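What follows is run_2.pdb (PDB, C-alpha atoms and all ligand atoms).
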```pdb
ATOM      1  CA  MET J 221     -62.062 -36.321   8.830  1.00  0.00           C
ATOM      2  CA  LYS J 222     -63.036 -33.869   6.141  1.00  0.00           C
ATOM      3  CA  ASN J 223     -62.476 -30.966   8.514  1.00  0.00           C
ATOM      4  CA  TYR J 224     -58.945 -32.028   9.345  1.00  0.00           C
ATOM      5  CA  ALA J 225     -58.087 -32.124   5.670  1.00  0.00           C
ATOM      6  CA  LEU J 226     -59.504 -28.669   5.156  1.00  0.00           C
ATOM      7  CA  ILE J 227     -57.570 -27.255   8.134  1.00  0.00           C
ATOM      8  CA  ALA J 228     -54.374 -28.835   6.872  1.00  0.00           C
ATOM      9  CA  THR J 229     -54.905 -27.360   3.418  1.00  0.00           C
ATOM     10  CA  LEU J 230     -55.620 -23.910   4.833  1.00  0.00           C
ATOM     11  CA  ALA J 231     -52.584 -24.069   7.124  1.00  0.00           C
ATOM     12  CA  PHE J 232     -50.362 -25.048   4.246  1.00  0.00           C
ATOM     13  CA  ALA J 233     -51.760 -22.315   2.048  1.00  0.00           C
ATOM     14  CA  THR J 234     -51.190 -19.702   4.761  1.00  0.00           C
ATOM     15  CA  LEU J 235     -47.632 -20.852   5.325  1.00  0.00           C
ATOM     16  CA  PHE J 236     -46.888 -20.797   1.639  1.00  0.00           C
ATOM     17  CA  THR J 237     -48.333 -17.308   1.211  1.00  0.00           C
ATOM     18  CA  ALA J 238     -46.387 -16.052   4.241  1.00  0.00           C
ATOM     19  CA  CYS J 239     -43.116 -17.365   2.853  1.00  0.00           C
ATOM     20  CA  LYS J 240     -43.793 -15.882  -0.537  1.00  0.00           C
ATOM     21  CA  ASN J 241     -44.630 -12.502   0.968  1.00  0.00           C
ATOM     22  CA  ASP J 242     -41.527 -12.503   3.180  1.00  0.00           C
ATOM     23  CA  LYS J 243     -39.355 -12.956   0.159  1.00  0.00           C
ATOM     24  CA  LYS J 244     -41.093 -10.260  -1.859  1.00  0.00           C
ATOM     25  CA  ASP J 245     -40.900  -7.695   0.975  1.00  0.00           C
ATOM     26  CA  ASP J 246     -37.192  -8.191   1.564  1.00  0.00           C
ATOM     27  CA  PRO J 247     -35.340  -5.957  -0.933  1.00  0.00           C
ATOM     28  CA  VAL J 248     -32.037  -7.829  -0.546  1.00  0.00           C
ATOM     29  CA  VAL J 249     -32.548 -11.491  -1.212  1.00  0.00           C
ATOM     30  CA  GLU J 250     -29.493 -13.605  -0.543  1.00  0.00           C
ATOM     31  CA  GLU J 251     -29.299 -14.916  -4.084  1.00  0.00           C
ATOM     32  CA  ASP J 252     -28.914 -11.345  -5.356  1.00  0.00           C
ATOM     33  CA  ILE J 253     -25.453 -11.023  -3.746  1.00  0.00           C
ATOM     34  CA  THR J 254     -23.030 -12.757  -6.057  1.00  0.00           C
ATOM     35  CA  GLN J 255     -19.604 -14.085  -5.140  1.00  0.00           C
ATOM     36  CA  GLU J 256     -18.134 -11.338  -7.300  1.00  0.00           C
ATOM     37  CA  ASP J 257     -19.840  -8.704  -5.110  1.00  0.00           C
ATOM     38  CA  MET J 258     -18.426 -10.302  -1.965  1.00  0.00           C
ATOM     39  CA  LYS J 259     -14.929 -10.384  -3.429  1.00  0.00           C
ATOM     40  CA  GLN J 260     -15.122  -6.713  -4.363  1.00  0.00           C
ATOM     41  CA  ALA J 261     -16.446  -5.756  -0.917  1.00  0.00           C
ATOM     42  CA  ASN J 262     -13.582  -7.619   0.752  1.00  0.00           C
ATOM     43  CA  GLN J 263     -10.985  -5.928  -1.419  1.00  0.00           C
ATOM     44  CA  GLU J 264     -12.422  -2.497  -0.718  1.00  0.00           C
ATOM     45  CA  SER J 265     -12.636  -2.930   3.023  1.00  0.00           C
ATOM     46  CA  GLU J 266      -9.254  -4.577   3.546  1.00  0.00           C
ATOM     47  CA  ARG J 267      -6.738  -2.129   4.999  1.00  0.00           C
ATOM     48  CA  VAL J 268      -3.118  -3.141   5.486  1.00  0.00           C
ATOM     49  CA  MET J 269      -0.734  -0.961   7.481  1.00  0.00           C
ATOM     50  CA  VAL J 270       3.018  -1.214   8.049  1.00  0.00           C
ATOM     51  CA  LYS J 271       5.130   1.072  10.227  1.00  0.00           C
ATOM     52  CA  VAL J 272       8.818   1.525   9.496  1.00  0.00           C
ATOM     53  CA  MET J 273      11.434   2.893  11.881  1.00  0.00           C
ATOM     54  CA  MET J 274      14.249   4.655  10.034  1.00  0.00           C
ATOM     55  CA  GLU J 275      17.673   4.300  11.646  1.00  0.00           C
ATOM     56  CA  PRO J 276      20.714   6.576  11.138  1.00  0.00           C
ATOM     57  CA  LYS J 277      23.391   5.409   8.711  1.00  0.00           C
ATOM     58  CA  SER J 278      26.804   6.627   7.503  1.00  0.00           C
ATOM     59  CA  GLU J 279      27.578   8.263  10.886  1.00  0.00           C
ATOM     60  CA  THR J 280      24.631  10.667  10.784  1.00  0.00           C
ATOM     61  CA  ASN J 281      21.777  11.263  13.241  1.00  0.00           C
ATOM     62  CA  THR J 282      18.984  11.011  10.685  1.00  0.00           C
ATOM     63  CA  GLN J 283      16.022   9.199  12.185  1.00  0.00           C
ATOM     64  CA  GLY J 284      12.484   8.844  10.996  1.00  0.00           C
ATOM     65  CA  ARG J 285       9.109   7.164  11.116  1.00  0.00           C
ATOM     66  CA  ILE J 286       7.098   6.047   8.118  1.00  0.00           C
ATOM     67  CA  GLN J 287       3.579   4.686   7.836  1.00  0.00           C
ATOM     68  CA  PHE J 288       2.456   2.802   4.738  1.00  0.00           C
ATOM     69  CA  VAL J 289      -1.261   2.097   4.289  1.00  0.00           C
ATOM     70  CA  ASP J 290      -2.685  -0.104   1.534  1.00  0.00           C
ATOM     71  CA  GLU J 291      -6.365   0.754   1.095  1.00  0.00           C
ATOM     72  CA  ASN J 292      -8.837   0.774  -1.814  1.00  0.00           C
ATOM     73  CA  GLY J 293      -6.219  -0.359  -4.304  1.00  0.00           C
ATOM     74  CA  ALA J 294      -3.566   2.269  -3.486  1.00  0.00           C
ATOM     75  CA  VAL J 295      -0.719   2.644  -1.021  1.00  0.00           C
ATOM     76  CA  SER J 296      -0.138   5.919   0.805  1.00  0.00           C
ATOM     77  CA  MET J 297       3.111   6.777   2.548  1.00  0.00           C
ATOM     78  CA  MET J 298       3.532   9.327   5.324  1.00  0.00           C
ATOM     79  CA  ALA J 299       7.130   9.923   6.400  1.00  0.00           C
ATOM     80  CA  LYS J 300       8.723  12.211   9.000  1.00  0.00           C
ATOM     81  CA  PHE J 301      12.436  12.741   9.584  1.00  0.00           C
ATOM     82  CA  ARG J 302      14.728  14.627  11.919  1.00  0.00           C
ATOM     83  CA  GLY J 303      18.460  15.109  12.116  1.00  0.00           C
ATOM     84  CA  LEU J 304      18.800  16.015   8.444  1.00  0.00           C
ATOM     85  CA  THR J 305      21.019  18.702   6.937  1.00  0.00           C
ATOM     86  CA  PRO J 306      18.760  21.555   5.756  1.00  0.00           C
ATOM     87  CA  GLY J 307      17.789  21.344   2.071  1.00  0.00           C
ATOM     88  CA  MET J 308      16.701  18.687  -0.387  1.00  0.00           C
ATOM     89  CA  HIS J 309      17.187  14.936   0.070  1.00  0.00           C
ATOM     90  CA  ALA J 310      16.398  11.957  -2.116  1.00  0.00           C
ATOM     91  CA  ILE J 311      14.183   9.135  -0.844  1.00  0.00           C
ATOM     92  CA  HIS J 312      13.884   5.765  -2.589  1.00  0.00           C
ATOM     93  CA  LEU J 313      12.815   2.198  -2.059  1.00  0.00           C
ATOM     94  CA  HIS J 314      15.797  -0.133  -2.380  1.00  0.00           C
ATOM     95  CA  GLU J 315      15.808  -3.874  -3.155  1.00  0.00           C
ATOM     96  CA  LYS J 316      16.253  -5.550   0.259  1.00  0.00           C
ATOM     97  CA  ALA J 317      14.971  -4.874   3.776  1.00  0.00           C
ATOM     98  CA  ASP J 318      18.501  -5.319   5.145  1.00  0.00           C
ATOM     99  CA  CYS J 319      19.880  -2.255   6.939  1.00  0.00           C
ATOM    100  CA  SER J 320      22.788  -4.105   8.577  1.00  0.00           C
ATOM    101  CA  ALA J 321      25.630  -2.306   6.762  1.00  0.00           C
ATOM    102  CA  PRO J 322      26.844   0.927   8.458  1.00  0.00           C
ATOM    103  CA  ASP J 323      26.493   2.722   5.104  1.00  0.00           C
ATOM    104  CA  GLY J 324      23.168   1.107   4.154  1.00  0.00           C
ATOM    105  CA  THR J 325      24.590  -0.587   1.045  1.00  0.00           C
ATOM    106  CA  SER J 326      23.203  -3.945   2.269  1.00  0.00           C
ATOM    107  CA  THR J 327      19.824  -2.820   0.892  1.00  0.00           C
ATOM    108  CA  GLY J 328      21.121  -3.130  -2.678  1.00  0.00           C
ATOM    109  CA  GLY J 329      20.210  -0.792  -5.523  1.00  0.00           C
ATOM    110  CA  HIS J 330      16.943   0.961  -6.273  1.00  0.00           C
ATOM    111  CA  TRP J 331      13.945  -1.407  -6.307  1.00  0.00           C
ATOM    112  CA  ASN J 332      13.320  -1.852 -10.035  1.00  0.00           C
ATOM    113  CA  PRO J 333      11.052  -4.863 -10.681  1.00  0.00           C
ATOM    114  CA  THR J 334      10.004  -3.640 -14.152  1.00  0.00           C
ATOM    115  CA  PHE J 335      13.595  -3.177 -15.427  1.00  0.00           C
ATOM    116  CA  ALA J 336      13.061   0.487 -16.230  1.00  0.00           C
ATOM    117  CA  GLN J 337      15.628   3.267 -16.219  1.00  0.00           C
ATOM    118  CA  HIS J 338      16.056   5.555 -13.215  1.00  0.00           C
ATOM    119  CA  GLY J 339      13.951   8.706 -13.389  1.00  0.00           C
ATOM    120  CA  LYS J 340      11.326  11.019 -11.998  1.00  0.00           C
ATOM    121  CA  TRP J 341       8.175   9.213 -10.811  1.00  0.00           C
ATOM    122  CA  GLY J 342       5.612   9.153 -13.647  1.00  0.00           C
ATOM    123  CA  ASP J 343       8.095  10.102 -16.394  1.00  0.00           C
ATOM    124  CA  GLU J 344       7.198   8.611 -19.793  1.00  0.00           C
ATOM    125  CA  ALA J 345      10.834   7.652 -20.359  1.00  0.00           C
ATOM    126  CA  GLY J 346      10.602   5.356 -17.348  1.00  0.00           C
ATOM    127  CA  TYR J 347      11.291   5.234 -13.638  1.00  0.00           C
ATOM    128  CA  HIS J 348      12.027   2.656 -10.980  1.00  0.00           C
ATOM    129  CA  LYS J 349       9.108   1.572  -8.758  1.00  0.00           C
ATOM    130  CA  GLY J 350      11.314   2.805  -5.910  1.00  0.00           C
ATOM    131  CA  ASP J 351      11.929   6.288  -7.340  1.00  0.00           C
ATOM    132  CA  ILE J 352       9.876   8.294  -4.861  1.00  0.00           C
ATOM    133  CA  GLY J 353      11.795  11.541  -5.394  1.00  0.00           C
ATOM    134  CA  ASN J 354      13.052  14.392  -3.184  1.00  0.00           C
ATOM    135  CA  PHE J 355      11.800  16.205  -0.091  1.00  0.00           C
ATOM    136  CA  GLU J 356      13.015  19.247   1.804  1.00  0.00           C
ATOM    137  CA  ALA J 357      14.375  19.510   5.329  1.00  0.00           C
ATOM    138  CA  ASP J 358      13.872  22.805   7.129  1.00  0.00           C
ATOM    139  CA  ALA J 359      16.536  24.879   8.979  1.00  0.00           C
ATOM    140  CA  ASP J 360      16.052  22.665  12.069  1.00  0.00           C
ATOM    141  CA  GLY J 361      16.732  19.509  10.085  1.00  0.00           C
ATOM    142  CA  ASN J 362      13.112  18.309  10.086  1.00  0.00           C
ATOM    143  CA  GLY J 363      11.458  17.084   6.927  1.00  0.00           C
ATOM    144  CA  SER J 364       8.381  15.172   5.833  1.00  0.00           C
ATOM    145  CA  ILE J 365       6.957  13.707   2.654  1.00  0.00           C
ATOM    146  CA  GLU J 366       3.630  12.186   1.656  1.00  0.00           C
ATOM    147  CA  PHE J 367       3.249   9.973  -1.379  1.00  0.00           C
ATOM    148  CA  LYS J 368       0.427   7.865  -2.819  1.00  0.00           C
ATOM    149  CA  THR J 369       0.312   5.411  -5.693  1.00  0.00           C
ATOM    150  CA  ASP J 370      -1.704   2.488  -7.067  1.00  0.00           C
ATOM    151  CA  GLU J 371       1.536   1.032  -8.468  1.00  0.00           C
ATOM    152  CA  TRP J 372       2.413  -0.413  -5.049  1.00  0.00           C
ATOM    153  CA  CYS J 373       0.715  -2.894  -2.744  1.00  0.00           C
ATOM    154  CA  ILE J 374       1.534  -4.367   0.657  1.00  0.00           C
ATOM    155  CA  GLY J 375       1.688  -8.148   0.643  1.00  0.00           C
ATOM    156  CA  CYS J 376      -0.358  -8.797  -2.527  1.00  0.00           C
ATOM    157  CA  GLY J 377       2.349 -11.084  -3.891  1.00  0.00           C
ATOM    158  CA  ASP J 378       2.658  -9.292  -7.259  1.00  0.00           C
ATOM    159  CA  ASP J 379       6.430  -8.838  -7.645  1.00  0.00           C
ATOM    160  CA  THR J 380       6.023  -5.684  -9.716  1.00  0.00           C
ATOM    161  CA  LYS J 381       3.967  -4.000  -6.934  1.00  0.00           C
ATOM    162  CA  ASP J 382       4.691  -5.535  -3.557  1.00  0.00           C
ATOM    163  CA  ILE J 383       6.814  -3.292  -1.306  1.00  0.00           C
ATOM    164  CA  LEU J 384       7.104  -5.860   1.502  1.00  0.00           C
ATOM    165  CA  GLY J 385      10.726  -6.922   1.950  1.00  0.00           C
ATOM    166  CA  LYS J 386      12.066  -3.695   0.432  1.00  0.00           C
ATOM    167  CA  ALA J 387      13.902  -0.878   2.249  1.00  0.00           C
ATOM    168  CA  VAL J 388      13.411   2.876   2.455  1.00  0.00           C
ATOM    169  CA  ILE J 389      16.620   4.872   2.020  1.00  0.00           C
ATOM    170  CA  VAL J 390      17.136   8.592   2.561  1.00  0.00           C
ATOM    171  CA  HIS J 391      20.160  10.116   0.872  1.00  0.00           C
ATOM    172  CA  GLU J 392      22.631  12.815   1.779  1.00  0.00           C
ATOM    173  CA  GLY J 393      22.033  14.620  -1.520  1.00  0.00           C
ATOM    174  CA  VAL J 394      19.430  15.320  -4.178  1.00  0.00           C
ATOM    175  CA  ASP J 395      18.134  12.958  -6.867  1.00  0.00           C
ATOM    176  CA  ASP J 396      18.831  14.598 -10.259  1.00  0.00           C
ATOM    177  CA  PHE J 397      16.434  12.086 -11.963  1.00  0.00           C
ATOM    178  CA  VAL J 398      18.989  11.743 -14.804  1.00  0.00           C
ATOM    179  CA  THR J 399      22.159   9.981 -13.620  1.00  0.00           C
ATOM    180  CA  GLN J 400      21.899   6.181 -14.081  1.00  0.00           C
ATOM    181  CA  PRO J 401      21.038   4.163 -12.115  1.00  0.00           C
ATOM    182  CA  THR J 402      21.105   6.159  -8.874  1.00  0.00           C
ATOM    183  CA  GLY J 403      20.173   9.794  -9.544  1.00  0.00           C
ATOM    184  CA  ASP J 404      23.583  10.720  -8.038  1.00  0.00           C
ATOM    185  CA  ALA J 405      21.974  11.284  -4.639  1.00  0.00           C
ATOM    186  CA  GLY J 406      25.085  10.629  -2.529  1.00  0.00           C
ATOM    187  CA  GLY J 407      25.476   8.525   0.616  1.00  0.00           C
ATOM    188  CA  ARG J 408      22.717   6.663   2.452  1.00  0.00           C
ATOM    189  CA  ILE J 409      21.971   8.461   5.717  1.00  0.00           C
ATOM    190  CA  SER J 410      18.848   6.673   6.977  1.00  0.00           C
ATOM    191  CA  CYS J 411      17.473   3.174   6.463  1.00  0.00           C
ATOM    192  CA  GLY J 412      14.396   1.157   7.349  1.00  0.00           C
ATOM    193  CA  GLY J 413      13.115  -2.231   6.226  1.00  0.00           C
ATOM    194  CA  ILE J 414       9.488  -2.632   5.152  1.00  0.00           C
ATOM    195  CA  ILE J 415       8.536  -5.756   7.080  1.00  0.00           C
ATOM    196  CA  LYS J 416       5.353  -6.884   8.806  1.00  0.00           C
TER
HETATM  197 CU    CU R   1      18.340   5.488  -3.022  1.00  0.00          CU
HETATM  198 ZN    ZN R   2      15.951   4.790  -9.189  1.00  0.00          ZN
END
```

Hey, can you dump this file as structure tokens for me?
Amino acid sequence: MKNYALIATLAFATLFTACKNDKKDDPVVEEDITQEDMKQANQESERVMVKVMMEPKSETNTQGRIQFVDENGAVSMMAKFRGLTPGMHAIHLHEKADCSAPDGTSTGGHWNPTFAQHGKWGDEAGYHKGDIGNFEADADGNGSIEFKTDEWCIGCGDDTKDILGKAVIVHEGVDDFVTQPTGDAGGRISCGGIIK
């Protein structure tokens, strides 16, 4: 009887020591990872991508493809176009992802959720969240533009940042960054809705 008790005590002691040692040897104990850490990790690893096909408008042949990627708290845009007239063209985000009108006017005005004035992106005097700027088409009518900002998101639900449901418009002319509220960029020659 005495022996059994001793064996039981020893077994228990061994088990207890083993558990204790396991915990000490493991550098990452579960309790050390807080919910806040998990949230941050999820935000950093989440990558949202949307592809936009740009269709010709206003009786032009201007087509394009755009890829938007939301990653690590910023959205990057990579856009390629063909069928442009050589030279500079304005590109903006407009209010609605509706390209149904032959002249693209169904997309509404420039996307301006912060009620700012039209301008050059980053200007202290203000700019629309859709005021991407200008890009150049070469002699063959090909052009591309890359853009990145943490002032946009894709599907985050913040009305001042979320580009889902907006449209990309390429214009016939150049954005002068001064004329209100359009930049006097001329007709709308290519249109694509930003939808998932
Ligand atoms: Cu525009
Ligand atoms: Zn604008």

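Distances from J:Ser410, J:Thr325, J:Thr254, J:Gln400 to Val272 (chain J) were compared using only C-alpha atoms, and the smallest one belongs to J:Ser410.
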
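Each of J:Pro306, J:Gly293, J:Pro333, J:Gly353 was checked against ligand CU 1 (chain R) using only C-alpha atoms and all ligand atoms; the smallest atom-to-atom distance is that of J:Gly353.
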
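Minimum distance to ligand CU 1 (chain R) across J:Glu256, J:Glu291, J:Asp351, J:Asp360 (counting all atoms listed in the file) occurs at J:Asp351.
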
- [ ] Would you mind listing what lies within 7 Å of Phe355 (chain J) as a PyMOL selection string, with all atoms listed in the file counted and same-chain residues fewer than 5 positions away left out?
- [x] chain J and resi 308-310+364-365

TODO: For CA of Gly284 (chain J) and CA of Gly346 (chain J), quote the distance in Å rounded to one decimal.
DONE: 28.6 Å

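From CA of Met297 (chain J) back to CA of Phe367 (chain J), the distance works out to 5.1 Å.
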
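If you measure from each of J:Phe288, J:Trp372, J:Phe301, J:Phe335 to ligand ZN 2 (chain R) using all atoms listed in the file, the closest one turns out to be J:Phe335.
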
Open item on the list: I'd like to see the residues matched by the PyMOL selection byres (((chain J and resi 296) around 8) and not hetatm) on this file, and ideally I'd get them as a count of residues only.
Closed with: 11

Enclose the full set of atoms of region 302-311 of chain J listed in the file within a box whose edges lie along x, y and z, apply 4 Å of padding to each of the six sides, and report centre and edge lengths in Å to one decimal as JSON.
```
{"center_x": 17.6, "center_y": 15.3, "center_z": 5.0, "size_x": 14.8, "size_y": 20.4, "size_z": 22.2}
```

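With only C-alpha atoms taken into account, the protein and nucleic acid residues at most 10 Å from Tyr347 (chain J) (excluding it and anything under 6 positions from it in its own chain) are Asn332, Thr334, Phe335, Ala336, Gln337, His338, Gly339, Lys340, Trp341, Phe397 and Pro401 of chain J.
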
Taking only residues of chain J that have an atom at most 9 Å from an atom of ligand CU 1 (chain R), what is each one's shortest atom pair and its distance in Å to one decimal, using all atoms listed in the file, in chain and number order, as a Markdown table?
```
| residue | atom | partner | partner_atom | distance |
| --- | --- | --- | --- | --- |
| J:Ala310 | CA | R:CU1 | CU | 6.8 |
| J:Ile311 | CA | R:CU1 | CU | 5.9 |
| J:His312 | CA | R:CU1 | CU | 4.5 |
| J:Leu313 | CA | R:CU1 | CU | 6.5 |
| J:His314 | CA | R:CU1 | CU | 6.2 |
| J:Gly329 | CA | R:CU1 | CU | 7.0 |
| J:His330 | CA | R:CU1 | CU | 5.7 |
| J:Trp331 | CA | R:CU1 | CU | 8.8 |
| J:Gly350 | CA | R:CU1 | CU | 8.1 |
| J:Asp351 | CA | R:CU1 | CU | 7.8 |
| J:Val388 | CA | R:CU1 | CU | 7.8 |
| J:Ile389 | CA | R:CU1 | CU | 5.4 |
| J:Val390 | CA | R:CU1 | CU | 6.5 |
| J:His391 | CA | R:CU1 | CU | 6.3 |
| J:Asp395 | CA | R:CU1 | CU | 8.4 |
| J:Thr402 | CA | R:CU1 | CU | 6.5 |
| J:Gly403 | CA | R:CU1 | CU | 8.0 |
| J:Asp404 | CA | R:CU1 | CU | 8.9 |
| J:Ala405 | CA | R:CU1 | CU | 7.0 |
| J:Gly406 | CA | R:CU1 | CU | 8.5 |
| J:Gly407 | CA | R:CU1 | CU | 8.6 |
| J:Arg408 | CA | R:CU1 | CU | 7.1 |
```

Export of prior selection with C-alpha atoms as a PDB file, in the coordinates of the input:
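The file below, result-v5.pdb, is the result:
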```pdb
ATOM      1  CA  ALA J 310      16.398  11.957  -2.116  1.00  0.00           C
ATOM      2  CA  ILE J 311      14.183   9.135  -0.844  1.00  0.00           C
ATOM      3  CA  HIS J 312      13.884   5.765  -2.589  1.00  0.00           C
ATOM      4  CA  LEU J 313      12.815   2.198  -2.059  1.00  0.00           C
ATOM      5  CA  HIS J 314      15.797  -0.133  -2.380  1.00  0.00           C
ATOM      6  CA  GLY J 329      20.210  -0.792  -5.523  1.00  0.00           C
ATOM      7  CA  HIS J 330      16.943   0.961  -6.273  1.00  0.00           C
ATOM      8  CA  TRP J 331      13.945  -1.407  -6.307  1.00  0.00           C
ATOM      9  CA  GLY J 350      11.314   2.805  -5.910  1.00  0.00           C
ATOM     10  CA  ASP J 351      11.929   6.288  -7.340  1.00  0.00           C
ATOM     11  CA  VAL J 388      13.411   2.876   2.455  1.00  0.00           C
ATOM     12  CA  ILE J 389      16.620   4.872   2.020  1.00  0.00           C
ATOM     13  CA  VAL J 390      17.136   8.592   2.561  1.00  0.00           C
ATOM     14  CA  HIS J 391      20.160  10.116   0.872  1.00  0.00           C
ATOM     15  CA  ASP J 395      18.134  12.958  -6.867  1.00  0.00           C
ATOM     16  CA  THR J 402      21.105   6.159  -8.874  1.00  0.00           C
ATOM     17  CA  GLY J 403      20.173   9.794  -9.544  1.00  0.00           C
ATOM     18  CA  ASP J 404      23.583  10.720  -8.038  1.00  0.00           C
ATOM     19  CA  ALA J 405      21.974  11.284  -4.639  1.00  0.00           C
ATOM     20  CA  GLY J 406      25.085  10.629  -2.529  1.00  0.00           C
ATOM     21  CA  GLY J 407      25.476   8.525   0.616  1.00  0.00           C
ATOM     22  CA  ARG J 408      22.717   6.663   2.452  1.00  0.00           C
TER      23      ARG J 408
END
```

Can you turn the PyMOL selection byres (((chain J and resi 411) around 9) and not hetatm) into a concrete residue list for this file, as a short mmCIF file (atom, residue, chain, number, x, y, z; two decimals) with C-alpha atoms, in the frame of the given file?
```cif
data_model
loop_
_atom_site.label_atom_id
_atom_site.label_comp_id
_atom_site.auth_asym_id
_atom_site.auth_seq_id
_atom_site.Cartn_x
_atom_site.Cartn_y
_atom_site.Cartn_z
CA MET J 273 11.43 2.89 11.88
CA MET J 274 14.25 4.66 10.03
CA GLU J 275 17.67 4.30 11.65
CA PRO J 276 20.71 6.58 11.14
CA LYS J 277 23.39 5.41 8.71
CA GLN J 283 16.02 9.20 12.18
CA GLY J 284 12.48 8.84 11.00
CA ALA J 317 14.97 -4.87 3.78
CA ASP J 318 18.50 -5.32 5.14
CA CYS J 319 19.88 -2.26 6.94
CA GLY J 324 23.17 1.11 4.15
CA THR J 327 19.82 -2.82 0.89
CA ALA J 387 13.90 -0.88 2.25
CA VAL J 388 13.41 2.88 2.46
CA ILE J 389 16.62 4.87 2.02
CA VAL J 390 17.14 8.59 2.56
CA ARG J 408 22.72 6.66 2.45
CA ILE J 409 21.97 8.46 5.72
CA SER J 410 18.85 6.67 6.98
CA GLY J 412 14.40 1.16 7.35
CA GLY J 413 13.12 -2.23 6.23
#
```

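Restricting the calculation to only C-alpha atoms, the smallest distance between Ser326 (chain J) and any of J:Lys300, J:Lys386, J:Glu266, J:Ala357 is found for J:Lys386.
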